[in-house]
Amino acid sequence: MKKSLFLYLTILAVLSTVFTYMFLSKQVTFEQNRYDKTTKKLRDSLNLVSNQLVDANYFSLEKNENAQNYFDSGNGDKMIQFEKLIPVVTEKLMDFNANPKGNPYTGQDQIGTNKFIINKVKILNHRWIIADYSDGEIWGEVLLKYFVNPDESISFEVNQSLLYQK
């Protein structure tokens, strides 16, 4: 009777070990597959977002070599670095927001009690800027020309402006 009890316990222990081994090996395989699928999804999402960012920045001075080359005079001593130019142009344009009648480069006169100010600026190339502006209630966009003058001052010119309906 003792022998059969030990035999049953041994068989039970062996079966328990086999089932535990099978369960754990399947669980590890399952977790590895899930990890691989999640990693692949994340890489695909990251690639998609990266491609969308490249497409979104297609029209920008940072990515346009032809526009960047415009600022190279060829003789080397008179070269404007576009990396430094972008914040300078943006700051100069935003400084006009302090005007009591609003930023004159929105292309709009003050309509209500609030003045129009520029909120966001994107420098498209060596000549054009697109900007978003509002007075807090009415929103619009403006296409500007900008020029870097020989004395390195910046001048702006409104090309076209539009207001969105409320």
# chains A, B, ... in the order shown; residues from 1 in each chain; ligands from 1
$ residues_around --residues "Ser155 (chain A)" --least-positions-apart "5" --cutoff "10 Å" --atoms "only C-alpha atoms" --output "PyMOL selection string"
chain A and resi 89+92-93+145-149
$ closest_residue --among "A:Ile80, A:Ile129, A:Val18, A:Ile138" --to "Glu152 (chain A)" --atoms "only C-alpha atoms"
A:Ile80
